[in-house]
Each structure stands twice: as C-alpha cells, then as structure tokens.
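Heads up: the structure comes next, in structure tokens.
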There are 2 protein chains.
Amino acid sequence: MDVRTITRCCEPVLTAPLGEDDAEELASAFKVLADPARLRLMSLVANSPSGEVCACDLVVPLGRSQPTISHHLSVLVDAGLLARERRGKWAWYSMVPEKLAVLCQILAPSASC
Amino acid sequence: MDVRTITRCCEPVLTAPLGEDDAEELASAFKVLADPARLRLMSLVANSPSGEVCACDLVVPLGRSQPTISHHLSVLVDAGLLARERRGKWAWYSMVPEKLAVLCQILAPSASC
DNA sequence: GATTCGTATTGACGAGCATCAATCTATCTG
DNA sequence: CAGATAGATTGATGCTCGTCAATACGAATC
C-alpha cells in the first residue's frame with residue numbers, strides 16, 4: 001500500500017488486518033500531521049482567500065524561526081499535502097486537499113462513502 | 001477545542017485559522033495514530049469478529065514485548081480510541097469508532113458530510 | 001559584478017518517545 | 001496460603017525530531 005498514490009474512495013485499512021510495512025507507511029503519513037506547527041501552516045494555507053500563501057507571510061504568525069518554517073513546509077510538500085511554486089524570490093504554497101481525504105477514508109470509511 | 005469531547009459532525013478545523021493551543025491538542029490526537037504498533041493494534045481489534053480482543057492475543061502478532069504492547073494499549077485507551085474491560089486475569093479491548101470519525105471530519109469535512 | 005532580500009540547507013542541541021528487562025499487582029487455582 | 005499466570009508499572013537506553021544559529025543558494029536590482 002502506498003498512501004501517497006491512493007486516490008480512489010473507500011480503501012478502509014481498518015477493515016483488514018494491517019501488516020507491519022503498511023502500518024509503518026500509514027504511521028509516517030500521520031506523523032506529518034502530528035505537529036502543531038505543521039497543522040497551523042496547513043490551516044493558514046487552507047484559509048487563504050486566494051488559495052495560496054507566500055512563505056514570507058508564515059514566519060510571524062507561527063512564532064518560529066524562518067529555517068523552522070521552511071523545514072515544516074518542506075515536510076508538508078514531501079508528504080504531498082502542500083504544493084510549492086517559486087515566483088522570483090518568493091515561494092507560494094497551496095493545498096493538495098485530496099491527500100487529507102485519503103487519510104480520512106482510510107480511518108473512517110463508513111463516515112465518508 | 002477538546003478533540004476528545006467533539007461528537008457532532010462537521011467541525012472543520014481547516015476552514016478556520018488554527019490557534020497554537022488547538023493545534024497542540026489536535027497534533028496530540030494524531031500523534032497517537034503516528035505509530036505502526038498502535039495502528040496494527042487498532043487494526044486487530046477492529047477486525048475481530050467478536051468485536052473485542054484479549055491482550056494475551058496481541059503480543060505474538062505484533063512481535064513486541066508484553067510491556068510494549070501494554071504501553072501502546074494504554075495510550076490508545078487514554079486517547080479514547082479503544083475501551084478496556086477487565087475480566088478476571090484478562091483484559092479485553094474494543095473499538096470506540098466515533099473518535100476516528102471525529103478526526104476524519106476535522107481533516108476533510110467536505111468528504112464526509 | 002556587487003548588493004540585497006527571500007528561501008533553503010547544514011549542524012548541533014535537547015526533549016520526547018518506543019522499546020525492553022526487571023519488577024510489581026491482581027486474580028485464579030490447588 | 002502458595003504457586004502460577006496475565007497485565008501493568010518502573011527504569012534505562014537509544015533513536016527520532018523540532019528547533020535555532022549560521023551559512024549557502026538564487027533571484028532581483030543597482
């Protein structure tokens with residue numbers, strides 16, 4: 001199972017025993033969400049009217065250093081939860097909402113489909 | 001926001017900016033899921049025909065020591081994801097599926113409701 | 001080309017946690 | 001009560017990771 005490639009609805013992991021490899025992979029996906037700074041970053045991007053946010057506008061509201069913000073943004077991009085686009089000196093980030101829905105469906109398929 | 005007390009549907013955190021305290025709490029909830037041993041334990045309980053599993057039947061399939069299994073089960077119970085019932089010498093565990101659905105709805109409200 | 005500015009990377013430090021061995025607690029059975 | 005068994009707790013260890021200071025990279029401007 002590759003969490004990052006699952007796209008169709010209703011792939012309920014909790015309706016079949018989970019092997020060690022699959023569990024490791026799914027745990028890695030949740031690990032990305034298990035950090036308050038990353039959740040706040042996603043929240044700020046998700047609530048931007050334009051649908052994207054400049055990295056330069058994320059350091060102050062988060063209250064962390066610039067390298068820390070850059071690190072968390074990279075983790076979110078690597079996980080496929082955010083998309084990065086460079087424009088000149090600035091980096092703009094936008095949501096990839098499908099990834100969240102996939103994790104949701106894995107957890108609670110009965111609630112979604 | 002108290003993740004463990006939210007019961008109604010559609011409480012989309014990602015449609016409103018997330019404060020540091022709320023983010024910390026939500027991150028803690030995901031941290032519980034961000035471990036392969038705990039995911040496998042939940043998977044085994046969720047797939048039990050009787051709806052409950054004796055702790056004595058979880059040590060061997062997980063391939064971890066008895067104290068480690070006991071530790072993870074306690075974490076899951078404390079998070080409200082599993083319920084524990086003692087019967088004599090044995091401890092039986094069952095799912096509390098509502099908690100998973102709550103996390104799902106927080107993440108991807110549009111997919112569920 | 002030199003400077004400036006935004007972002008990414010590197011290295012180091014400290015906290016948190018998954019794990020196990022040893023021990024303790026509780027319950028059942030002679 | 002004594003022994004046995006299931007589960008929880010304690011203490012220690014090693015690893016992961018969030019964080020920051022310092023630095024490197026890249027693009028725009030002069």
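Residue numbering restarts at 1 for every chain of the structure tokens, chains are lettered A, B, ... in their displayed order, and ligands are numbered from 1 as they appear.
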
Any chance you could tabulate, as JSON lines, the residues of chain D at most 10 Å from range 1-8 of chain C with each one's nearest atom pair and distance in Å to one decimal, using only C-alpha atoms (C1' of nucleotides), in chain and rising number order?
{"residue": "D:DA24", "atom": "C1'", "partner": "C:DA8", "partner_atom": "C1'", "distance": 8.2}
{"residue": "D:DC25", "atom": "C1'", "partner": "C:DA8", "partner_atom": "C1'", "distance": 7.3}
{"residue": "D:DG26", "atom": "C1'", "partner": "C:DT7", "partner_atom": "C1'", "distance": 8.5}
{"residue": "D:DA27", "atom": "C1'", "partner": "C:DG6", "partner_atom": "C1'", "distance": 8.9}
{"residue": "D:DA28", "atom": "C1'", "partner": "C:DC5", "partner_atom": "C1'", "distance": 8.6}
{"residue": "D:DT29", "atom": "C1'", "partner": "C:DT4", "partner_atom": "C1'", "distance": 8.1}
{"residue": "D:DC30", "atom": "C1'", "partner": "C:DT3", "partner_atom": "C1'", "distance": 8.2}

Report as a tab-separated table: every residue of chain B with an atom at most 10 Å from chain D, its closest pair of atoms, and their distance in Å to one decimal, counting only C-alpha atoms (C1' of nucleotides), with rows sorted by chain and ascending residue number.
residue	atom	partner	partner_atom	distance
B:Ala55	CA	D:DG7	C1'	8.3
B:Cys56	CA	D:DA6	C1'	7.5
B:Gln66	CA	D:DG7	C1'	8.5
B:Pro67	CA	D:DA8	C1'	7.8
B:Ser70	CA	D:DA8	C1'	7.1
B:His71	CA	D:DA8	C1'	8.4
B:Ser74	CA	D:DA8	C1'	9.4
B:Arg86	CA	D:DG7	C1'	9.8
B:Gly88	CA	D:DA6	C1'	9.0
B:Lys89	CA	D:DA6	C1'	5.3
B:Trp90	CA	D:DA6	C1'	6.0
B:Ala91	CA	D:DG7	C1'	7.5

(request) Tell me which protein, DNA and RNA residues are within 10 Å of Asp21 in chain B, counting only C-alpha atoms (C1' of nucleotides), leaving out same-chain ones fewer than 4 positions away, and put them as a list of chain:residue names. (result) A:Pro36, B:Met1, B:Glu25, B:Leu26, B:Ala27

Looking only at the backbone, which of the residues in chain A does DSSP tag as strand (DSSP E or B), as a short mmCIF file (atom, residue, chain, number, x, y, z; two decimals) with N, CA, C and O atoms, in the first residue's frame?
data_model
loop_
_atom_site.label_atom_id
_atom_site.label_comp_id
_atom_site.auth_asym_id
_atom_site.auth_seq_id
_atom_site.Cartn_x
_atom_site.Cartn_y
_atom_site.Cartn_z
N GLU A 52 -3.53 30.49 -1.95
CA GLU A 52 -2.08 30.29 -1.81
C GLU A 52 -1.53 31.33 -0.86
O GLU A 52 -2.11 32.40 -0.69
N VAL A 53 -0.38 30.99 -0.27
CA VAL A 53 0.23 31.88 0.71
C VAL A 53 1.73 31.93 0.45
O VAL A 53 2.36 30.91 0.15
N CYS A 54 2.28 33.14 0.58
CA CYS A 54 3.72 33.32 0.45
C CYS A 54 4.39 32.88 1.75
O CYS A 54 3.90 33.18 2.85
N LEU A 82 0.97 19.77 0.62
CA LEU A 82 1.05 21.12 0.08
C LEU A 82 1.81 21.08 -1.24
O LEU A 82 2.60 20.17 -1.49
N ALA A 83 1.56 22.11 -2.07
CA ALA A 83 2.31 22.27 -3.32
C ALA A 83 3.09 23.57 -3.25
O ALA A 83 2.60 24.58 -2.73
N ARG A 84 4.32 23.55 -3.76
CA ARG A 84 5.18 24.73 -3.73
C ARG A 84 5.37 25.25 -5.15
O ARG A 84 5.54 24.49 -6.09
N GLU A 85 5.31 26.58 -5.27
CA GLU A 85 5.59 27.21 -6.56
C GLU A 85 6.47 28.41 -6.35
O GLU A 85 6.12 29.32 -5.60
N ARG A 86 7.63 28.42 -7.00
CA ARG A 86 8.53 29.56 -6.84
C ARG A 86 8.22 30.62 -7.87
O ARG A 86 8.07 30.33 -9.05
N ARG A 87 8.15 31.88 -7.39
CA ARG A 87 7.97 33.01 -8.29
C ARG A 87 9.00 34.06 -7.90
O ARG A 87 8.80 34.77 -6.91
N TRP A 90 10.17 34.67 -4.19
CA TRP A 90 9.20 34.16 -3.23
C TRP A 90 8.73 32.75 -3.53
O TRP A 90 8.74 32.30 -4.68
N ALA A 91 8.33 32.06 -2.47
CA ALA A 91 7.77 30.71 -2.60
C ALA A 91 6.32 30.73 -2.15
O ALA A 91 6.01 31.21 -1.05
N TRP A 92 5.42 30.24 -3.02
CA TRP A 92 3.99 30.24 -2.73
C TRP A 92 3.51 28.81 -2.50
O TRP A 92 3.88 27.90 -3.24
N TYR A 93 2.70 28.65 -1.50
CA TYR A 93 2.23 27.32 -1.12
C TYR A 93 0.70 27.24 -1.23
O TYR A 93 -0.01 28.19 -0.88
N SER A 94 0.23 26.09 -1.72
CA SER A 94 -1.22 25.87 -1.85
C SER A 94 -1.55 24.45 -1.39
O SER A 94 -0.68 23.58 -1.32
N MET A 95 -2.83 24.22 -1.11
CA MET A 95 -3.28 22.93 -0.60
C MET A 95 -3.33 21.87 -1.70
O MET A 95 -3.56 22.17 -2.86
#

(request) Pull out every residue of chain A sitting within 6 Å of chain B, counting only C-alpha atoms, and send them as a list in words. (result)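 Only these qualify: Leu14, Thr15, Pro17, Leu18, Ala23, Glu24, Ala27, Phe30, Lys31, Ala34, Asp35, Pro36, Arg40, Ser43, Leu44, Asn47, Ala101, Cys104, Ala108, Ala111 and Ser112 of chain A.
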
(message) Among chain A, which residues does DSSP mark as alpha helix (DSSP H) when it is run on the backbone? Keep the chain and numbering as in the structure and answer as a PyMOL selection string.
(response) chain A and resi 20-33+36-46+59-62+66-78+98-107+109-112

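Distance criterion 10 Å to chain B, applied with only C-alpha atoms (C1' of nucleotides), yields DA18, DT19, DC20, DA21, DA26, DT27 and DC28 of chain C on chain C.
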